[in-house]
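Engineer: entry08.pdb is reproduced below (PDB, C-alpha atoms).
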```pdb
ATOM      1  CA  MET H   1     -30.056  -2.365 -78.935
ATOM      2  CA  ALA H   2     -27.107  -0.123 -78.244
ATOM      3  CA  LYS H   3     -24.775  -0.469 -75.291
ATOM      4  CA  ILE H   4     -25.382   1.962 -72.463
ATOM      5  CA  GLU H   5     -22.593   4.511 -72.527
ATOM      6  CA  PHE H   6     -21.612   5.311 -68.972
ATOM      7  CA  ASP H   7     -20.499   8.864 -69.732
ATOM      8  CA  LYS H   8     -23.686   9.669 -71.592
ATOM      9  CA  VAL H   9     -26.182   8.845 -68.866
ATOM     10  CA  GLU H  10     -26.844  11.091 -65.895
ATOM     11  CA  VAL H  11     -28.540  10.443 -62.574
ATOM     12  CA  GLY H  12     -32.101  11.758 -62.825
ATOM     13  CA  GLN H  13     -32.327  11.156 -66.555
ATOM     14  CA  THR H  14     -35.498   9.342 -67.586
ATOM     15  CA  LEU H  15     -36.047   6.464 -69.997
ATOM     16  CA  PRO H  16     -38.561   6.796 -72.825
ATOM     17  CA  PRO H  17     -41.822   5.681 -71.142
ATOM     18  CA  LEU H  18     -43.746   2.652 -72.367
ATOM     19  CA  ASP H  19     -47.547   2.792 -72.503
ATOM     20  CA  ILE H  20     -49.285  -0.516 -71.918
ATOM     21  CA  PRO H  21     -52.676  -1.249 -73.493
ATOM     22  CA  VAL H  22     -55.595  -1.384 -71.025
ATOM     23  CA  ILE H  23     -55.461  -4.694 -69.163
ATOM     24  CA  GLU H  24     -58.351  -6.938 -70.162
ATOM     25  CA  HIS H  25     -59.455 -10.381 -69.056
ATOM     26  CA  ALA H  26     -58.215 -11.868 -72.351
ATOM     27  CA  ASN H  27     -54.671 -10.605 -71.683
ATOM     28  CA  LEU H  28     -54.615 -12.473 -68.390
ATOM     29  CA  VAL H  29     -56.067 -15.679 -69.784
ATOM     30  CA  ARG H  30     -53.428 -15.609 -72.477
ATOM     31  CA  TYR H  31     -50.694 -14.791 -69.968
ATOM     32  CA  ALA H  32     -51.861 -17.621 -67.714
ATOM     33  CA  GLY H  33     -51.492 -20.065 -70.599
ATOM     34  CA  ALA H  34     -48.126 -18.765 -71.691
ATOM     35  CA  SER H  35     -46.633 -18.533 -68.202
ATOM     36  CA  GLY H  36     -48.297 -21.550 -66.648
ATOM     37  CA  ASP H  37     -49.543 -19.479 -63.694
ATOM     38  CA  PHE H  38     -53.114 -20.711 -63.480
ATOM     39  CA  ASN H  39     -53.920 -19.319 -60.041
ATOM     40  CA  PRO H  40     -57.693 -18.792 -60.493
ATOM     41  CA  ILE H  41     -57.599 -15.336 -58.860
ATOM     42  CA  HIS H  42     -56.319 -14.222 -62.286
ATOM     43  CA  ASN H  43     -58.681 -16.105 -64.581
ATOM     44  CA  ASP H  44     -61.875 -16.996 -62.691
ATOM     45  CA  PRO H  45     -64.014 -14.004 -61.580
ATOM     46  CA  ASP H  46     -66.221 -16.151 -59.297
ATOM     47  CA  PHE H  47     -63.205 -17.634 -57.552
ATOM     48  CA  ALA H  48     -61.644 -14.189 -57.193
ATOM     49  CA  ARG H  49     -64.806 -12.788 -55.573
ATOM     50  CA  LYS H  50     -65.033 -15.748 -53.193
ATOM     51  CA  ALA H  51     -61.408 -15.063 -52.279
ATOM     52  CA  GLY H  52     -62.444 -11.573 -51.197
ATOM     53  CA  LEU H  53     -61.376  -9.581 -54.234
ATOM     54  CA  ASP H  54     -63.637  -7.366 -56.394
ATOM     55  CA  GLY H  55     -62.882  -9.525 -59.409
ATOM     56  CA  THR H  56     -59.880 -11.005 -61.136
ATOM     57  CA  ILE H  57     -56.598  -9.190 -60.736
ATOM     58  CA  SER H  58     -53.593  -9.154 -63.005
ATOM     59  CA  HIS H  59     -50.712 -11.506 -62.462
ATOM     60  CA  GLY H  60     -47.966  -9.408 -60.898
ATOM     61  CA  MET H  61     -45.652 -11.079 -63.373
ATOM     62  CA  TYR H  62     -47.705  -9.745 -66.289
ATOM     63  CA  VAL H  63     -47.024  -6.248 -64.970
ATOM     64  CA  MET H  64     -43.357  -7.108 -64.364
ATOM     65  CA  ALA H  65     -43.123  -8.410 -67.928
ATOM     66  CA  GLN H  66     -44.289  -5.002 -69.150
ATOM     67  CA  VAL H  67     -41.603  -3.314 -67.051
ATOM     68  CA  GLY H  68     -39.206  -5.847 -68.568
ATOM     69  CA  ARG H  69     -40.183  -4.609 -72.015
ATOM     70  CA  LEU H  70     -39.289  -1.091 -70.916
ATOM     71  CA  CYS H  71     -35.886  -2.408 -69.795
ATOM     72  CA  THR H  72     -35.115  -4.274 -73.022
ATOM     73  CA  SER H  73     -36.336  -1.394 -75.154
ATOM     74  CA  TRP H  74     -33.651   0.728 -73.485
ATOM     75  CA  ALA H  75     -30.758  -1.642 -72.822
ATOM     76  CA  ASP H  76     -29.375  -4.646 -74.649
ATOM     77  CA  GLN H  77     -30.631  -7.706 -72.766
ATOM     78  CA  LYS H  78     -27.075  -9.100 -72.764
ATOM     79  CA  ASP H  79     -26.075  -6.198 -70.497
ATOM     80  CA  ILE H  80     -28.826  -6.668 -67.916
ATOM     81  CA  ALA H  81     -27.307  -8.029 -64.704
ATOM     82  CA  TYR H  82     -30.265  -7.682 -62.360
ATOM     83  CA  PHE H  83     -33.957  -6.895 -62.593
ATOM     84  CA  GLY H  84     -36.209  -7.007 -59.554
ATOM     85  CA  VAL H  85     -39.501  -5.477 -58.495
ATOM     86  CA  THR H  86     -41.754  -5.296 -55.483
ATOM     87  CA  PHE H  87     -45.473  -5.478 -56.185
ATOM     88  CA  LYS H  88     -47.077  -2.566 -54.362
ATOM     89  CA  ALA H  89     -50.710  -2.634 -55.444
ATOM     90  CA  MET H  90     -53.067  -4.966 -57.246
ATOM     91  CA  THR H  91     -53.745  -4.257 -60.914
ATOM     92  CA  LYS H  92     -57.394  -4.594 -61.825
ATOM     93  CA  LEU H  93     -59.033  -5.109 -65.175
ATOM     94  CA  GLY H  94     -59.503  -1.898 -67.157
ATOM     95  CA  GLU H  95     -56.451  -0.214 -65.710
ATOM     96  CA  LYS H  96     -54.061   1.530 -68.026
ATOM     97  CA  LEU H  97     -50.417   1.392 -66.995
ATOM     98  CA  THR H  98     -47.310   3.202 -68.097
ATOM     99  CA  CYS H  99     -43.809   1.921 -67.415
ATOM    100  CA  VAL H 100     -41.232   4.531 -66.520
ATOM    101  CA  GLY H 101     -37.585   4.568 -65.550
ATOM    102  CA  THR H 102     -35.234   7.059 -63.935
ATOM    103  CA  ILE H 103     -31.491   6.650 -63.617
ATOM    104  CA  LYS H 104     -30.783   6.331 -59.935
ATOM    105  CA  LYS H 105     -27.091   5.600 -59.633
ATOM    106  CA  LYS H 106     -23.978   5.071 -61.719
ATOM    107  CA  PHE H 107     -20.711   3.736 -60.433
ATOM    108  CA  GLU H 108     -17.444   2.301 -61.563
ATOM    109  CA  LYS H 109     -15.669  -0.400 -59.587
ATOM    110  CA  ASP H 110     -12.629  -2.412 -60.645
ATOM    111  CA  GLY H 111     -13.040  -1.013 -64.146
ATOM    112  CA  LYS H 112     -16.623  -2.280 -64.318
ATOM    113  CA  LYS H 113     -19.210   0.369 -65.133
ATOM    114  CA  THR H 114     -22.703  -0.096 -63.819
ATOM    115  CA  VAL H 115     -25.914   1.913 -64.087
ATOM    116  CA  THR H 116     -28.910   1.391 -61.804
ATOM    117  CA  VAL H 117     -32.355   2.495 -62.943
ATOM    118  CA  LEU H 118     -35.483   2.875 -60.823
ATOM    119  CA  VAL H 119     -38.202   1.240 -62.903
ATOM    120  CA  GLU H 120     -41.915   1.426 -62.183
ATOM    121  CA  ALA H 121     -45.332   0.598 -63.600
ATOM    122  CA  LYS H 122     -47.973   3.179 -62.660
ATOM    123  CA  ASN H 123     -51.642   3.621 -63.446
ATOM    124  CA  GLU H 124     -53.177   6.854 -64.711
ATOM    125  CA  ALA H 125     -53.673   8.126 -61.155
ATOM    126  CA  GLY H 126     -49.952   7.669 -60.530
ATOM    127  CA  GLU H 127     -50.380   4.678 -58.231
ATOM    128  CA  VAL H 128     -47.262   2.514 -58.444
ATOM    129  CA  LYS H 129     -48.163  -1.139 -59.095
ATOM    130  CA  ALA H 130     -44.636  -2.486 -59.314
ATOM    131  CA  GLY H 131     -41.352  -0.767 -58.687
ATOM    132  CA  GLY H 132     -37.767  -1.868 -58.427
ATOM    133  CA  ASP H 133     -34.326  -1.774 -59.937
ATOM    134  CA  LEU H 134     -32.728  -2.553 -63.233
ATOM    135  CA  VAL H 135     -28.951  -2.954 -63.111
ATOM    136  CA  VAL H 136     -27.136  -2.679 -66.409
ATOM    137  CA  ASN H 137     -23.494  -3.182 -67.331
ATOM    138  CA  ALA H 138     -22.361  -0.083 -69.209
ATOM    139  CA  VAL H 139     -19.396   0.680 -71.420
TER     140      VAL H 139
ATOM    141  CA  MET E   1     -51.621 -23.135 -39.910
ATOM    142  CA  ALA E   2     -48.945 -20.580 -39.248
ATOM    143  CA  ILE E   3     -45.843 -20.605 -41.374
ATOM    144  CA  THR E   4     -42.689 -20.873 -39.334
ATOM    145  CA  LYS E   5     -38.979 -20.401 -39.888
ATOM    146  CA  ASP E   6     -38.359 -24.169 -39.689
ATOM    147  CA  ILE E   7     -38.977 -24.513 -43.396
ATOM    148  CA  VAL E   8     -36.139 -22.153 -44.360
ATOM    149  CA  GLY E   9     -33.578 -24.152 -46.320
ATOM    150  CA  LYS E  10     -36.101 -26.753 -47.423
ATOM    151  CA  LYS E  11     -35.294 -27.761 -50.984
ATOM    152  CA  LEU E  12     -37.973 -28.481 -53.538
ATOM    153  CA  ASP E  13     -37.460 -31.201 -56.145
ATOM    154  CA  ARG E  14     -34.828 -30.491 -58.759
ATOM    155  CA  PHE E  15     -36.391 -30.551 -62.223
ATOM    156  CA  ASP E  16     -35.451 -30.105 -65.822
ATOM    157  CA  PHE E  17     -37.152 -28.042 -68.477
ATOM    158  CA  THR E  18     -36.620 -27.616 -72.177
ATOM    159  CA  VAL E  19     -36.825 -23.982 -73.260
ATOM    160  CA  GLU E  20     -38.335 -24.009 -76.743
ATOM    161  CA  ARG E  21     -38.326 -21.244 -79.325
ATOM    162  CA  GLY E  22     -42.073 -21.712 -79.720
ATOM    163  CA  LYS E  23     -42.617 -21.183 -75.997
ATOM    164  CA  ILE E  24     -40.525 -18.007 -76.098
ATOM    165  CA  LYS E  25     -42.660 -16.804 -79.006
ATOM    166  CA  GLU E  26     -45.896 -17.669 -77.189
ATOM    167  CA  PHE E  27     -44.721 -15.864 -74.048
ATOM    168  CA  CYS E  28     -43.684 -12.790 -76.049
ATOM    169  CA  LEU E  29     -47.047 -12.681 -77.813
ATOM    170  CA  ALA E  30     -48.777 -12.864 -74.433
ATOM    171  CA  ILE E  31     -46.836  -9.862 -73.083
ATOM    172  CA  ASN E  32     -47.034  -7.794 -76.304
ATOM    173  CA  GLU E  33     -43.303  -8.081 -76.896
ATOM    174  CA  LYS E  34     -42.696  -7.496 -80.599
ATOM    175  CA  ASN E  35     -38.932  -7.228 -80.956
ATOM    176  CA  PRO E  36     -37.979  -9.667 -83.755
ATOM    177  CA  ILE E  37     -34.937 -10.931 -81.810
ATOM    178  CA  TYR E  38     -37.367 -12.993 -79.717
ATOM    179  CA  PHE E  39     -39.047 -14.539 -82.771
ATOM    180  CA  ASP E  40     -36.450 -14.978 -85.479
ATOM    181  CA  VAL E  41     -33.063 -16.649 -85.084
ATOM    182  CA  GLU E  42     -31.513 -14.604 -87.891
ATOM    183  CA  GLU E  43     -32.648 -11.347 -86.296
ATOM    184  CA  ALA E  44     -31.291 -12.543 -82.959
ATOM    185  CA  LYS E  45     -27.920 -13.373 -84.534
ATOM    186  CA  LYS E  46     -27.757  -9.947 -86.170
ATOM    187  CA  ALA E  47     -28.190  -8.460 -82.691
ATOM    188  CA  GLY E  48     -25.323 -10.551 -81.315
ATOM    189  CA  TYR E  49     -27.231 -13.456 -79.767
ATOM    190  CA  SER E  50     -26.520 -17.083 -80.618
ATOM    191  CA  ASP E  51     -30.254 -17.964 -80.749
ATOM    192  CA  VAL E  52     -33.506 -16.273 -79.784
ATOM    193  CA  PRO E  53     -33.079 -15.177 -76.160
ATOM    194  CA  ALA E  54     -35.777 -15.716 -73.560
ATOM    195  CA  PRO E  55     -36.976 -12.287 -72.327
ATOM    196  CA  PRO E  56     -36.106 -11.165 -68.767
ATOM    197  CA  THR E  57     -39.197 -12.485 -67.000
ATOM    198  CA  PHE E  58     -39.382 -15.786 -68.922
ATOM    199  CA  PRO E  59     -37.920 -17.760 -65.964
ATOM    200  CA  THR E  60     -41.429 -17.686 -64.457
ATOM    201  CA  VAL E  61     -42.432 -20.050 -67.297
ATOM    202  CA  ILE E  62     -39.768 -22.519 -66.187
ATOM    203  CA  MET E  63     -41.094 -22.386 -62.660
ATOM    204  CA  PHE E  64     -44.791 -22.829 -63.416
ATOM    205  CA  TRP E  65     -44.669 -25.108 -66.472
ATOM    206  CA  GLY E  66     -41.617 -27.017 -65.317
ATOM    207  CA  TYR E  67     -42.679 -27.389 -61.699
ATOM    208  CA  PRO E  68     -46.486 -27.249 -61.393
ATOM    209  CA  LYS E  69     -45.987 -29.177 -58.143
ATOM    210  CA  ILE E  70     -45.195 -25.778 -56.572
ATOM    211  CA  TRP E  71     -48.939 -25.402 -55.852
ATOM    212  CA  ASN E  72     -49.069 -28.721 -53.961
ATOM    213  CA  ASP E  73     -45.847 -27.873 -52.154
ATOM    214  CA  MET E  74     -47.293 -24.551 -51.041
ATOM    215  CA  ALA E  75     -50.548 -26.170 -49.927
ATOM    216  CA  GLU E  76     -48.554 -28.779 -47.979
ATOM    217  CA  LEU E  77     -46.627 -26.000 -46.279
ATOM    218  CA  GLY E  78     -49.983 -24.682 -45.071
ATOM    219  CA  ILE E  79     -50.254 -21.802 -47.515
ATOM    220  CA  ASP E  80     -53.857 -20.963 -48.506
ATOM    221  CA  LEU E  81     -53.581 -20.512 -52.268
ATOM    222  CA  SER E  82     -56.616 -18.238 -52.438
ATOM    223  CA  LYS E  83     -54.851 -15.823 -50.086
ATOM    224  CA  ILE E  84     -51.482 -15.455 -51.713
ATOM    225  CA  LEU E  85     -50.239 -12.351 -53.467
ATOM    226  CA  HIS E  86     -46.968 -11.984 -55.264
ATOM    227  CA  LEU E  87     -44.869  -9.544 -53.282
ATOM    228  CA  LYS E  88     -41.493  -9.510 -54.945
ATOM    229  CA  GLU E  89     -39.624 -11.048 -57.857
ATOM    230  CA  GLU E  90     -35.916 -10.556 -58.446
ATOM    231  CA  TYR E  91     -33.658 -11.946 -61.144
ATOM    232  CA  THR E  92     -29.878 -11.988 -61.156
ATOM    233  CA  TYR E  93     -28.618 -12.899 -64.601
ATOM    234  CA  HIS E  94     -25.297 -14.601 -65.263
ATOM    235  CA  LYS E  95     -25.898 -15.628 -68.850
ATOM    236  CA  ILE E  96     -28.591 -15.274 -71.461
ATOM    237  CA  LEU E  97     -31.259 -17.957 -71.271
ATOM    238  CA  TYR E  98     -31.489 -19.633 -74.681
ATOM    239  CA  PRO E  99     -33.573 -22.502 -76.077
ATOM    240  CA  GLY E 100     -32.304 -25.841 -74.811
ATOM    241  CA  LYS E 101     -32.410 -28.032 -71.744
ATOM    242  CA  VAL E 102     -32.009 -26.410 -68.340
ATOM    243  CA  TYR E 103     -32.194 -27.624 -64.763
ATOM    244  CA  ALA E 104     -33.757 -25.803 -61.866
ATOM    245  CA  GLN E 105     -33.519 -26.137 -58.124
ATOM    246  CA  SER E 106     -35.637 -24.152 -55.690
ATOM    247  CA  GLU E 107     -35.424 -23.766 -51.968
ATOM    248  CA  ILE E 108     -37.233 -21.784 -49.353
ATOM    249  CA  SER E 109     -34.816 -18.982 -48.635
ATOM    250  CA  ASP E 110     -36.743 -16.879 -46.131
ATOM    251  CA  VAL E 111     -39.875 -16.835 -44.011
ATOM    252  CA  LYS E 112     -41.367 -13.919 -42.148
ATOM    253  CA  SER E 113     -44.112 -14.942 -39.787
ATOM    254  CA  GLY E 114     -46.416 -13.069 -37.489
ATOM    255  CA  ARG E 115     -48.785 -10.358 -38.650
ATOM    256  CA  ALA E 116     -47.613 -10.505 -42.252
ATOM    257  CA  GLU E 117     -46.581 -13.898 -43.498
ATOM    258  CA  ILE E 118     -44.068 -13.842 -46.318
ATOM    259  CA  VAL E 119     -42.387 -16.858 -47.879
ATOM    260  CA  THR E 120     -39.464 -16.469 -50.279
ATOM    261  CA  PHE E 121     -38.385 -19.121 -52.760
ATOM    262  CA  ARG E 122     -34.965 -18.927 -54.394
ATOM    263  CA  THR E 123     -34.571 -20.793 -57.668
ATOM    264  CA  THR E 124     -31.343 -21.256 -59.574
ATOM    265  CA  ILE E 125     -31.504 -22.270 -63.195
ATOM    266  CA  TYR E 126     -28.493 -24.161 -64.572
ATOM    267  CA  ASP E 127     -27.396 -25.140 -68.035
ATOM    268  CA  GLU E 128     -26.465 -28.707 -68.949
ATOM    269  CA  LYS E 129     -22.913 -28.146 -67.719
ATOM    270  CA  ASP E 130     -24.299 -27.155 -64.307
ATOM    271  CA  ASP E 131     -23.265 -23.523 -64.769
ATOM    272  CA  PRO E 132     -25.831 -21.136 -63.315
ATOM    273  CA  ILE E 133     -27.706 -19.098 -65.925
ATOM    274  CA  LEU E 134     -29.694 -17.022 -63.468
ATOM    275  CA  SER E 135     -31.194 -17.009 -60.035
ATOM    276  CA  ALA E 136     -34.701 -15.906 -59.145
ATOM    277  CA  GLU E 137     -36.200 -14.893 -55.814
ATOM    278  CA  MET E 138     -39.961 -15.000 -55.506
ATOM    279  CA  ALA E 139     -41.591 -13.687 -52.350
ATOM    280  CA  ILE E 140     -45.258 -14.335 -51.716
ATOM    281  CA  PHE E 141     -47.428 -12.604 -49.186
ATOM    282  CA  ILE E 142     -50.294 -14.408 -47.497
ATOM    283  CA  ARG E 143     -53.326 -12.166 -47.020
ATOM    284  CA  LYS E 144     -55.214 -12.277 -43.770
ATOM    285  CA  ASP E 145     -59.010 -12.289 -43.755
TER     286      ASP E 145
END
```
Would you give me this structure, written as structure tokens?
Structural biologist:
Amino acid sequence: MAKIEFDKVEVGQTLPPLDIPVIEHANLVRYAGASGDFNPIHNDPDFARKAGLDGTISHGMYVMAQVGRLCTSWADQKDIAYFGVTFKAMTKLGEKLTCVGTIKKKFEKDGKKTVTVLVEAKNEAGEVKAGGDLVVNAV
Amino acid sequence: MAITKDIVGKKLDRFDFTVERGKIKEFCLAINEKNPIYFDVEEAKKAGYSDVPAPPTFPTVIMFWGYPKIWNDMAELGIDLSKILHLKEEYTYHKILYPGKVYAQSEISDVKSGRAEIVTFRTTIYDEKDDPILSAEMAIFIRKD
């Protein structure tokens, strides 16, 4: 992955979007095993319904991991200084998400060049599931 | 039981965790990450890494596999596990997280009580020399009925 060249990025510029395959129960079972997050609201439909949900919901971190893939497909991971999101809506099974990014800010301080990107995961209706910032050291 | 500010600053047990290449691979397969730098040491070296790096959200693995006691700790704090939602996760990276032994220390860094109850855990992950690799902030929201 190439370095982010400070002079070549502009505020408002967008990152190539990343389409995520439809989220299915199997994705979440596999993610639960890999991540160790076995909260049954993500893997047990009966438990999820008893907890007052319509059915199992995605781990927020599964969605964040997809946004993370958008970040590392754009920037070299060695240059990522910060990555944070707020989870804004639950992701249900069958939803199809796209991860998008827009350059929000660029600044130079003490010779250090930094680019901040607004990154989001949205469903097909445009509902934002997770949104936050990616901060990258640029050259 | 209402969550109160008194628990801010409470430290959880320090624990160690060995990041394994196989676990990085498993995690990447689970999130559909296909970049060979996460699977193949030679590919990682070609890209300027010293080993396969752990992807940006891998620290969650360290938390849940390395410290499954988090669920008991939350229950003991009076948090109803069937009512929690993940509200926020933030990572500040100092170094790349590579395979090898790491140490982690979490503490409760913030509590908002009242109508919306939010508890934030801050975890710092250190290498064997005690240098911080990254810090993570996880905020959970407790749903009301």
Engineer: Using all atoms listed in the file, which chain E residues lie at most 10 Å away from chain H, written as a ChimeraX atom specification?
Structural biologist: /E:23-35,47-49,53-68,71,81-97,134-140,145
Engineer: Which of these residues is nearest to Lys112 in chain H, using all atoms listed in the file: H:Gln13, H:Phe6, H:Asp44, H:Lys92?
Structural biologist: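 Under the stated criterion, the closest residue is H:Phe6.
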Engineer: Given the choices H:Thr14, H:Asn123, H:Thr56, H:Thr116, which gets closest to Gly101 in chain H if the distance is worked out from only C-alpha atoms?
Structural biologist: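 For Gly101 in chain H, the nearest of the candidates is H:Thr14.
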Engineer: Report the distance between CA of Asp16 in chain E and CA of Ile133 in chain E in Å, rounded to one decimal place.
Structural biologist: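 Atom-to-atom, CA of Asp16 in chain E and CA of Ile133 in chain E are spaced 13.5 Å apart.
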Engineer: Where's the centre, and what are the edge lengths in Å to one decimal, of a box along x, y and z enclosing all listed atoms of range 101-108 of chain E padded 6 Å per side, as AutoDock Vina command-line options?
Structural biologist:
```
--center_x -34.6 --center_y -24.9 --center_z -60.5 --size_x 17.2 --size_y 18.2 --size_z 34.4
```
Engineer: What's around Pro17 in chain H at 9 Å? Count only C-alpha atoms, leave out sequence neighbours fewer than 6 positions away in its own chain, and write the answer as a list in words.
Structural biologist: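 The neighbour list is Leu70, Thr98, Cys99, Val100 and Gly101 of chain H.
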Engineer: Just how far from CA of Phe107 in chain H is CA of Glu10 in chain H, in Å to one decimal?
Structural biologist: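 For CA of Glu10 in chain H relative to CA of Phe107 in chain H, the distance reads 11.0 Å.
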Engineer: Quick one: everything within 8 Å of Ile108 in chain E, counting all atoms listed in the file, minus sequence neighbours fewer than 6 positions away in the same chain. Send it as a ChimeraX atom specification.
Structural biologist: /E:7-12,119-122
Engineer: May I have the selected residues written with C-alpha atoms, as a tab-separated table (two decimals), in the frame of the given file?
Structural biologist:
```tsv
chain	number	residue	atom	x	y	z
E	7	ILE	CA	-38.98	-24.51	-43.40
E	8	VAL	CA	-36.14	-22.15	-44.36
E	9	GLY	CA	-33.58	-24.15	-46.32
E	10	LYS	CA	-36.10	-26.75	-47.42
E	11	LYS	CA	-35.29	-27.76	-50.98
E	12	LEU	CA	-37.97	-28.48	-53.54
E	119	VAL	CA	-42.39	-16.86	-47.88
E	120	THR	CA	-39.46	-16.47	-50.28
E	121	PHE	CA	-38.38	-19.12	-52.76
E	122	ARG	CA	-34.97	-18.93	-54.39
```
Engineer: Between CA of His42 in chain H and CA of Glu120 in chain H, what is the spacing in Å?
Structural biologist: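 Interatomic distance, CA of Glu120 in chain H to CA of His42 in chain H: 21.3 Å.
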Engineer: For Val115 in chain H, which residue among H:His25, H:Val136, H:Ala75, H:Ile4 is the nearest when counting all atoms listed in the file?
Structural biologist: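 Closest residue, counting all atoms listed in the file: H:Val136.
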Engineer: On this file, the PyMOL selection byres ((chain H and resi 96) around 12) gives some set of residues; write that set as a compact mmCIF listing (two decimals) with C-alpha atoms, keeping the file's coordinate frame.
Structural biologist:
```
# COMPACT_ATOMS: atom_id res chain seq x y z
CA LEU H 18 -43.75 2.65 -72.37
CA ASP H 19 -47.55 2.79 -72.50
CA ILE H 20 -49.28 -0.52 -71.92
CA PRO H 21 -52.68 -1.25 -73.49
CA VAL H 22 -55.60 -1.38 -71.03
CA ILE H 23 -55.46 -4.69 -69.16
CA GLU H 24 -58.35 -6.94 -70.16
CA SER H 58 -53.59 -9.15 -63.00
CA VAL H 63 -47.02 -6.25 -64.97
CA GLN H 66 -44.29 -5.00 -69.15
CA THR H 91 -53.74 -4.26 -60.91
CA LYS H 92 -57.39 -4.59 -61.82
CA LEU H 93 -59.03 -5.11 -65.18
CA GLY H 94 -59.50 -1.90 -67.16
CA GLU H 95 -56.45 -0.21 -65.71
CA LEU H 97 -50.42 1.39 -67.00
CA THR H 98 -47.31 3.20 -68.10
CA CYS H 99 -43.81 1.92 -67.42
CA ALA H 121 -45.33 0.60 -63.60
CA LYS H 122 -47.97 3.18 -62.66
CA ASN H 123 -51.64 3.62 -63.45
CA GLU H 124 -53.18 6.85 -64.71
CA ALA H 125 -53.67 8.13 -61.16
CA GLY H 126 -49.95 7.67 -60.53
CA GLU H 127 -50.38 4.68 -58.23
CA VAL H 128 -47.26 2.51 -58.44
CA LYS H 129 -48.16 -1.14 -59.10
```
